[in-house]
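**Q** Supplied structure: query_16.txt, compact mmCIF, C-alpha atoms and all ligand atoms.
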```txt
# COMPACT_ATOMS: atom_id res chain seq x y z
CA MET W 2 18.87 -43.82 130.45
CA GLN W 3 15.39 -42.32 130.80
CA LYS W 4 15.37 -38.67 131.90
CA SER W 5 13.82 -38.23 135.35
CA LYS W 6 10.59 -36.26 135.49
CA THR W 7 9.12 -34.16 138.31
CA LEU W 8 5.67 -32.63 138.74
CA ILE W 9 5.47 -29.47 140.83
CA LEU W 10 2.04 -28.39 142.10
CA GLY W 11 2.01 -24.65 142.86
CA GLY W 12 4.94 -23.93 140.55
CA SER W 13 4.29 -20.18 140.64
CA SER W 14 5.57 -19.99 144.23
CA LEU W 15 8.91 -18.13 144.09
CA ILE W 16 10.53 -20.99 146.02
CA ALA W 17 9.15 -23.47 143.48
CA GLN W 18 10.46 -21.34 140.59
CA TYR W 19 13.91 -21.41 142.20
CA LEU W 20 13.66 -25.23 142.48
CA ILE W 21 12.45 -25.60 138.87
CA LYS W 22 15.49 -23.67 137.55
CA HIS W 23 17.79 -25.81 139.68
CA LEU W 24 16.25 -29.11 138.51
CA GLU W 25 16.23 -28.05 134.85
CA ASN W 26 19.94 -27.16 135.13
CA LYS W 27 20.47 -30.74 136.33
CA SER W 28 18.58 -32.05 133.24
CA VAL W 29 15.49 -33.08 135.20
CA SER W 30 12.35 -32.61 133.12
CA VAL W 31 9.82 -30.56 135.11
CA ASP W 32 6.06 -30.04 134.66
CA PHE W 33 4.46 -27.46 136.92
CA THR W 34 1.10 -25.87 137.67
CA TYR W 35 0.15 -22.23 138.12
CA ASN W 36 -3.13 -20.72 139.27
CA LYS W 37 -3.51 -16.92 139.12
CA VAL W 38 -0.17 -15.97 137.63
CA GLU W 39 -0.01 -17.17 134.01
CA TYR W 40 3.12 -18.83 132.60
CA LYS W 41 3.89 -19.69 128.97
CA SER W 42 4.91 -23.20 130.01
CA GLY W 43 3.14 -25.08 132.80
CA PHE W 44 -0.45 -26.23 133.36
CA ARG W 45 -3.29 -24.12 134.72
CA LEU W 46 -4.72 -25.61 137.92
CA ASP W 47 -7.12 -24.19 140.48
CA ILE W 48 -7.46 -27.05 142.95
CA ASN W 49 -10.75 -25.66 144.24
CA ASN W 50 -12.34 -25.64 140.79
CA LYS W 51 -13.73 -29.01 139.61
CA GLN W 52 -13.41 -28.29 135.88
CA SER W 53 -9.86 -27.00 136.29
CA VAL W 54 -8.93 -30.19 138.18
CA GLU W 55 -10.52 -32.40 135.49
CA ASP W 56 -8.69 -30.49 132.70
CA PHE W 57 -5.41 -30.87 134.57
CA MET W 58 -5.96 -34.62 135.19
CA GLU W 59 -6.62 -35.08 131.48
CA ILE W 60 -3.38 -33.27 130.52
CA VAL W 61 -1.14 -35.24 132.91
CA SER W 62 -2.88 -38.61 132.59
CA LYS W 63 -0.40 -40.01 130.06
CA ASN W 64 2.69 -38.92 132.00
CA GLN W 65 4.85 -40.79 134.50
CA TYR W 66 6.67 -38.93 137.26
CA ASP W 67 9.50 -39.91 139.57
CA CYS W 68 8.53 -37.25 142.05
CA ILE W 69 5.62 -34.92 142.83
CA ILE W 70 6.29 -31.84 144.99
CA ASN W 71 3.40 -29.79 146.36
CA PHE W 72 3.87 -26.08 147.09
CA ILE W 73 0.17 -25.19 147.04
CA GLY W 74 -0.77 -23.45 150.28
CA LYS W 75 -2.15 -20.25 151.75
CA LEU W 76 -2.15 -18.28 155.03
CA SER W 77 -5.64 -17.47 156.28
CA LYS W 78 -4.93 -13.80 156.86
CA GLN W 79 -4.66 -13.41 153.07
CA SER W 80 -8.24 -14.61 152.75
CA ILE W 81 -10.88 -12.25 151.39
CA TYR W 82 -13.68 -13.89 153.39
CA THR W 83 -15.08 -12.32 156.49
CA ASP W 84 -17.16 -15.23 157.75
CA GLU W 85 -15.11 -17.40 160.12
CA SER W 86 -16.37 -20.80 158.91
CA GLU W 87 -15.75 -19.78 155.28
CA ILE W 88 -12.17 -18.84 156.15
CA LEU W 89 -11.63 -22.17 157.87
CA GLU W 90 -13.14 -24.09 154.95
CA ASP W 91 -11.09 -22.19 152.39
CA ILE W 92 -7.84 -22.68 154.29
CA MET W 93 -8.51 -26.37 154.96
CA LYS W 94 -9.23 -26.91 151.25
CA ILE W 95 -6.15 -25.14 149.89
CA ASN W 96 -3.68 -26.48 152.44
CA PHE W 97 -5.14 -29.93 152.98
CA THR W 98 -8.35 -31.39 151.48
CA SER W 99 -7.98 -30.36 147.83
CA VAL W 100 -4.25 -31.09 147.80
CA ILE W 101 -4.73 -34.58 149.23
CA SER W 102 -7.59 -35.28 146.88
CA ILE W 103 -5.56 -34.44 143.76
CA VAL W 104 -2.46 -36.31 144.97
CA GLU W 105 -4.56 -39.42 145.71
CA ARG W 106 -5.97 -39.27 142.18
CA LEU W 107 -2.48 -38.94 140.68
CA ILE W 108 -1.27 -41.92 142.70
CA LYS W 109 -4.29 -44.08 141.83
CA ARG W 110 -3.80 -43.37 138.13
CA ASN W 111 -0.32 -44.86 138.50
CA LEU W 112 1.41 -41.66 137.44
CA LEU W 113 3.99 -42.12 140.15
CA ASN W 114 5.44 -45.57 139.98
CA ASN W 115 7.54 -46.13 143.11
CA GLY W 116 8.21 -42.39 143.45
CA LYS W 117 7.97 -39.77 146.18
CA VAL W 118 5.35 -37.17 146.97
CA ILE W 119 6.94 -34.31 148.91
CA PHE W 120 4.56 -31.87 150.62
CA LEU W 121 5.71 -28.38 151.61
CA SER W 122 4.00 -28.31 154.98
CA SER W 123 4.92 -25.95 157.82
CA ILE W 124 6.49 -25.92 161.27
CA SER W 125 3.20 -24.38 162.41
CA GLY W 126 1.61 -27.80 161.77
CA ILE W 127 3.87 -29.17 164.51
CA GLU W 128 4.29 -26.26 166.92
CA GLY W 129 1.15 -24.21 166.22
CA SER W 130 1.17 -20.52 165.27
CA TYR W 131 -0.75 -17.23 165.54
CA ASP W 132 -2.66 -18.34 162.38
CA ALA W 133 -4.71 -21.16 163.94
CA ASN W 134 -6.56 -22.15 160.74
CA TYR W 135 -3.37 -22.46 158.71
CA ALA W 136 -1.60 -24.36 161.53
CA ALA W 137 -4.56 -26.75 161.88
CA ALA W 138 -4.60 -27.43 158.12
CA LYS W 139 -0.84 -28.11 158.02
CA ALA W 140 -1.17 -30.34 161.12
CA ALA W 141 -3.83 -32.31 159.24
CA LEU W 142 -1.49 -32.59 156.26
CA ASN W 143 1.33 -33.87 158.50
CA MET W 144 -0.91 -36.45 160.15
CA TYR W 145 -2.21 -37.57 156.75
CA VAL W 146 1.40 -38.22 155.60
CA LYS W 147 2.26 -40.09 158.78
CA SER W 148 -0.92 -42.19 158.71
CA ARG W 149 -1.57 -42.76 155.00
CA VAL W 150 1.70 -44.65 154.51
CA ARG W 151 0.31 -47.43 156.72
CA SER W 152 -2.25 -48.37 154.07
CA LEU W 153 -0.58 -47.07 150.89
CA ASP W 154 1.54 -49.53 148.92
CA SER W 155 5.04 -48.01 148.93
CA ASN W 156 5.52 -49.42 145.41
CA LEU W 157 2.90 -46.86 144.34
CA ALA W 158 4.15 -43.84 146.26
CA ASN W 159 6.15 -42.70 149.28
CA LEU W 160 4.93 -39.64 151.20
CA ILE W 161 7.09 -37.08 153.01
CA ALA W 162 6.29 -33.69 154.59
CA ILE W 163 8.90 -30.95 154.90
CA CYS W 164 8.04 -28.39 157.60
CA PRO W 165 9.95 -25.12 157.19
CA THR W 166 10.01 -22.10 159.48
CA LEU W 167 9.61 -18.69 157.80
CA ILE W 168 11.52 -18.45 154.51
CA GLU W 169 13.16 -15.09 153.74
CA ASP W 170 11.89 -13.25 150.61
CA SER W 171 9.02 -15.74 150.05
CA ALA W 172 5.42 -14.60 149.47
CA MET W 173 4.57 -15.41 153.08
CA TYR W 174 7.57 -13.44 154.33
CA LYS W 175 6.45 -10.46 152.21
CA SER W 176 2.93 -10.69 153.63
CA MET W 177 4.33 -10.20 157.16
CA GLY W 178 6.06 -7.27 158.84
CA GLU W 179 9.30 -6.56 160.68
CA GLY W 180 7.83 -7.70 164.03
CA GLU W 181 6.89 -11.14 162.72
CA TRP W 182 10.27 -11.53 160.95
CA VAL W 183 12.06 -10.88 164.26
CA THR W 184 9.82 -13.35 166.12
CA HIS W 185 10.61 -16.03 163.55
CA LYS W 186 14.37 -15.24 163.57
CA ASN W 187 14.42 -15.56 167.37
CA LYS W 188 13.00 -19.08 167.13
CA ARG W 189 16.02 -20.26 165.12
CA ALA W 190 19.26 -21.33 166.81
CA ASN W 191 21.38 -19.23 164.43
CA GLY W 192 19.04 -16.20 164.62
CA LYS W 193 18.56 -16.21 160.82
CA LEU W 194 15.58 -17.01 158.63
CA LEU W 195 15.63 -19.92 156.19
CA THR W 196 16.68 -19.03 152.63
CA PHE W 197 15.32 -20.46 149.35
CA ARG W 198 18.63 -22.32 149.08
CA ASP W 199 18.16 -23.99 152.50
CA VAL W 200 14.73 -25.24 151.45
CA ILE W 201 15.87 -26.46 148.03
CA LEU W 202 18.83 -28.32 149.58
CA LYS W 203 16.45 -30.11 151.97
CA ILE W 204 14.12 -31.04 149.10
CA LEU W 205 17.07 -32.40 147.09
CA GLU W 206 18.26 -34.37 150.12
CA VAL W 207 14.79 -35.93 150.43
CA ILE W 208 14.70 -36.70 146.69
CA ASN W 209 18.08 -38.43 146.96
CA THR W 210 17.36 -40.42 150.14
CA GLU W 211 16.29 -44.04 149.82
CA SER W 212 12.47 -44.09 149.99
CA LYS W 213 12.12 -46.70 152.72
CA LEU W 214 14.19 -44.52 155.10
CA ILE W 215 11.89 -41.50 154.84
CA ASN W 216 8.45 -42.78 153.83
CA GLY W 217 5.91 -41.19 156.21
CA LYS W 218 8.41 -38.82 157.80
CA ILE W 219 7.68 -35.25 158.91
CA ILE W 220 10.92 -33.30 158.51
CA SER W 221 11.37 -29.96 160.31
CA ILE W 222 13.79 -27.37 158.97
N1 LIG W 301 7.10 -18.98 152.73
C1 LIG W 301 7.28 -19.49 153.94
O1 LIG W 301 7.89 -18.87 154.83
C2 LIG W 301 6.76 -20.85 154.23
C3 LIG W 301 7.04 -21.45 155.46
C4 LIG W 301 6.52 -22.72 155.72
C5 LIG W 301 5.79 -23.38 154.76
N2 LIG W 301 5.54 -22.77 153.56
C6 LIG W 301 4.74 -23.48 152.56
O2 LIG W 301 5.42 -23.44 151.32
C7 LIG W 301 4.48 -23.36 150.24
C8 LIG W 301 4.81 -22.18 149.32
O3 LIG W 301 4.73 -20.97 150.06
P1 LIG W 301 5.10 -19.52 149.42
O4 LIG W 301 5.52 -18.65 150.55
O5 LIG W 301 6.00 -19.70 148.27
O6 LIG W 301 3.66 -19.02 148.99
P2 LIG W 301 3.05 -18.63 147.56
O7 LIG W 301 4.03 -17.96 146.69
O8 LIG W 301 1.78 -17.93 147.88
O9 LIG W 301 2.77 -20.06 146.93
C9 LIG W 301 1.56 -20.70 147.09
C10 LIG W 301 1.26 -21.48 145.84
O10 LIG W 301 -0.05 -22.02 145.98
C11 LIG W 301 -0.77 -21.77 144.77
N3 LIG W 301 -2.21 -21.74 145.03
C12 LIG W 301 -2.89 -21.01 145.93
N4 LIG W 301 -4.21 -21.24 145.82
C13 LIG W 301 -4.35 -22.16 144.83
C14 LIG W 301 -5.48 -22.81 144.24
N5 LIG W 301 -6.74 -22.59 144.63
N6 LIG W 301 -5.23 -23.72 143.26
C15 LIG W 301 -3.99 -23.98 142.85
N7 LIG W 301 -2.88 -23.37 143.34
C16 LIG W 301 -3.08 -22.48 144.33
C17 LIG W 301 -0.25 -20.44 144.31
O11 LIG W 301 -0.55 -20.23 142.92
P3 LIG W 301 -0.86 -18.75 142.34
O12 LIG W 301 0.14 -17.84 142.95
O13 LIG W 301 -0.70 -18.90 140.87
O14 LIG W 301 -2.25 -18.46 142.80
C18 LIG W 301 1.25 -20.61 144.58
O15 LIG W 301 1.86 -21.32 143.52
C19 LIG W 301 3.09 -23.24 150.89
O16 LIG W 301 2.48 -24.52 150.93
C20 LIG W 301 3.41 -22.79 152.31
O17 LIG W 301 2.42 -23.20 153.22
C21 LIG W 301 6.01 -21.53 153.28
```
Can the structure from this file be put into structure tokens for me?
**A**
Amino acid sequence: MQKSKTLILGGSSLIAQYLIKHLENKSVSVDFTYNKVEYKSGFRLDINNKQSVEDFMEIVSKNQYDCIINFIGKLSKQSIYTDESEILEDIMKINFTSVISIVERLIKRNLLNNGKVIFLSSISGIEGSYDANYAAAKAALNMYVKSRVRSLDSNLANLIAICPTLIEDSAMYKSMGEGEWVTHKNKRANGKLLTFRDVILKILEVINTESKLINGKIISI
């Protein structure tokens, strides 16, 4: 039997690293990308840099994946820009435009025969949040998933968005303070933040669900 193969975009996210270890323990072969933080394994990819994208496309062009999972994303308050329209543009690119563009290219090159593309989106793309730019970009991502499946041949790819609330110990969690953690905890029925494990279990559930049941779905956790 052929070993299953997964491509993780944004593999340097701590949540993604946790998932990679889990998949590798289950004998799934994993390729992943990193941007700023360098890894011995993995492929360098800055989705906002044309040459970096071309180099990455060249490297993966001979591969076939059963699943692509995107973790690439960014909160706008981490942005170094001061001009409002530059912030909006940067956040839209990293959370939406550049991600969609690269995924479309991967699909069109037939790298994902009958597989799934799982996007780590955000609950803010459904409910809104204090970070309007980020929420708007994730809302665009969700609507892309919901709409694109109408024209995309499901034999080529199936698209799913997972929309988590704040995840404890993640980079985004660490960029916030006690006040924001409490606000997010209060929004959850059990009064606790999501853990890496909760997110990974949901991703595995999506991977293992029959494609036609979840193609185009926006899944809140
Ligand atoms: N953490 C949460 O509470 C939470 C909640 C809801 C949704 N999410 C979503 O989950 C995903 C992961 O979040 P996280 O908290 O783990 O954040 P993170 O550690 O900052 O992960 C973001 C990933 O995006 C990559 N990235 C950023 N800019 C890039 C660029 N220009 N080109 C290529 N890669 C780029 C980062 O790579 P480098 O680090 O190498 O730059 C990193 O791998 C994000 O999409 C986020 O929106 C997170």
**Q** Quick one: pull the distance between CA of Asn187 in chain W and atom C9 of ligand LIG 301 (chain W), Å, one decimal.
**A**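 For CA of Asn187 in chain W relative to atom C9 of ligand LIG 301 (chain W), the distance reads 24.6 Å.
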**Q** Which residue is closest to Ile48 in chain W? Choose from W:Tyr19, W:Tyr174, W:Phe97, W:Trp182 and count all atoms listed in the file.
**A**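 Nearest to Ile48 in chain W: W:Phe97.
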**Q** Within 9 Å of range 58-61 of chain W, counting all atoms listed in the file, which residues show up once you throw out same-chain ones fewer than 4 positions away? Write them as a list in words, please.
**A**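 With the cut-off at 9 Å, the set is Phe44, Ser53, Val54, Gln65, Ile103, Arg106, Leu107 and Leu112 of chain W.
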**Q** So that I can check the surroundings of range 158-162 of chain W, please list as a list in words every protein, DNA and RNA residue that reaches within 6 Å of it, counting all atoms listed in the file and ignoring chain neighbours fewer than 6 positions away.
**A** Asn115, Gly116, Lys117, Val118, Ile119, Phe120, Ser122, Val146, Asn216, Gly217, Lys218 and Ile219 of chain W
**Q** Can you pull out every residue within 10 Å of Ile127 in chain W, counting all atoms listed in the file, but drop anything in the same chain fewer than 5 positions away, and send it as a PyMOL selection string?
**A** chain W and resi 122+136-137+139-141+143-144+164+219+221
**Q** Can I get the selection written as a PDB file, keeping the file's coordinate frame, with C-alpha atoms?
**A**
```
ATOM      1  CA  SER W 122       4.000 -28.310 154.980  1.00  0.00           C
ATOM      2  CA  ALA W 136      -1.600 -24.360 161.530  1.00  0.00           C
ATOM      3  CA  ALA W 137      -4.560 -26.750 161.880  1.00  0.00           C
ATOM      4  CA  LYS W 139      -0.840 -28.110 158.020  1.00  0.00           C
ATOM      5  CA  ALA W 140      -1.170 -30.340 161.120  1.00  0.00           C
ATOM      6  CA  ALA W 141      -3.830 -32.310 159.240  1.00  0.00           C
ATOM      7  CA  ASN W 143       1.330 -33.870 158.500  1.00  0.00           C
ATOM      8  CA  MET W 144      -0.910 -36.450 160.150  1.00  0.00           C
ATOM      9  CA  CYS W 164       8.040 -28.390 157.600  1.00  0.00           C
ATOM     10  CA  ILE W 219       7.680 -35.250 158.910  1.00  0.00           C
ATOM     11  CA  SER W 221      11.370 -29.960 160.310  1.00  0.00           C
TER      12      SER W 221
END
```
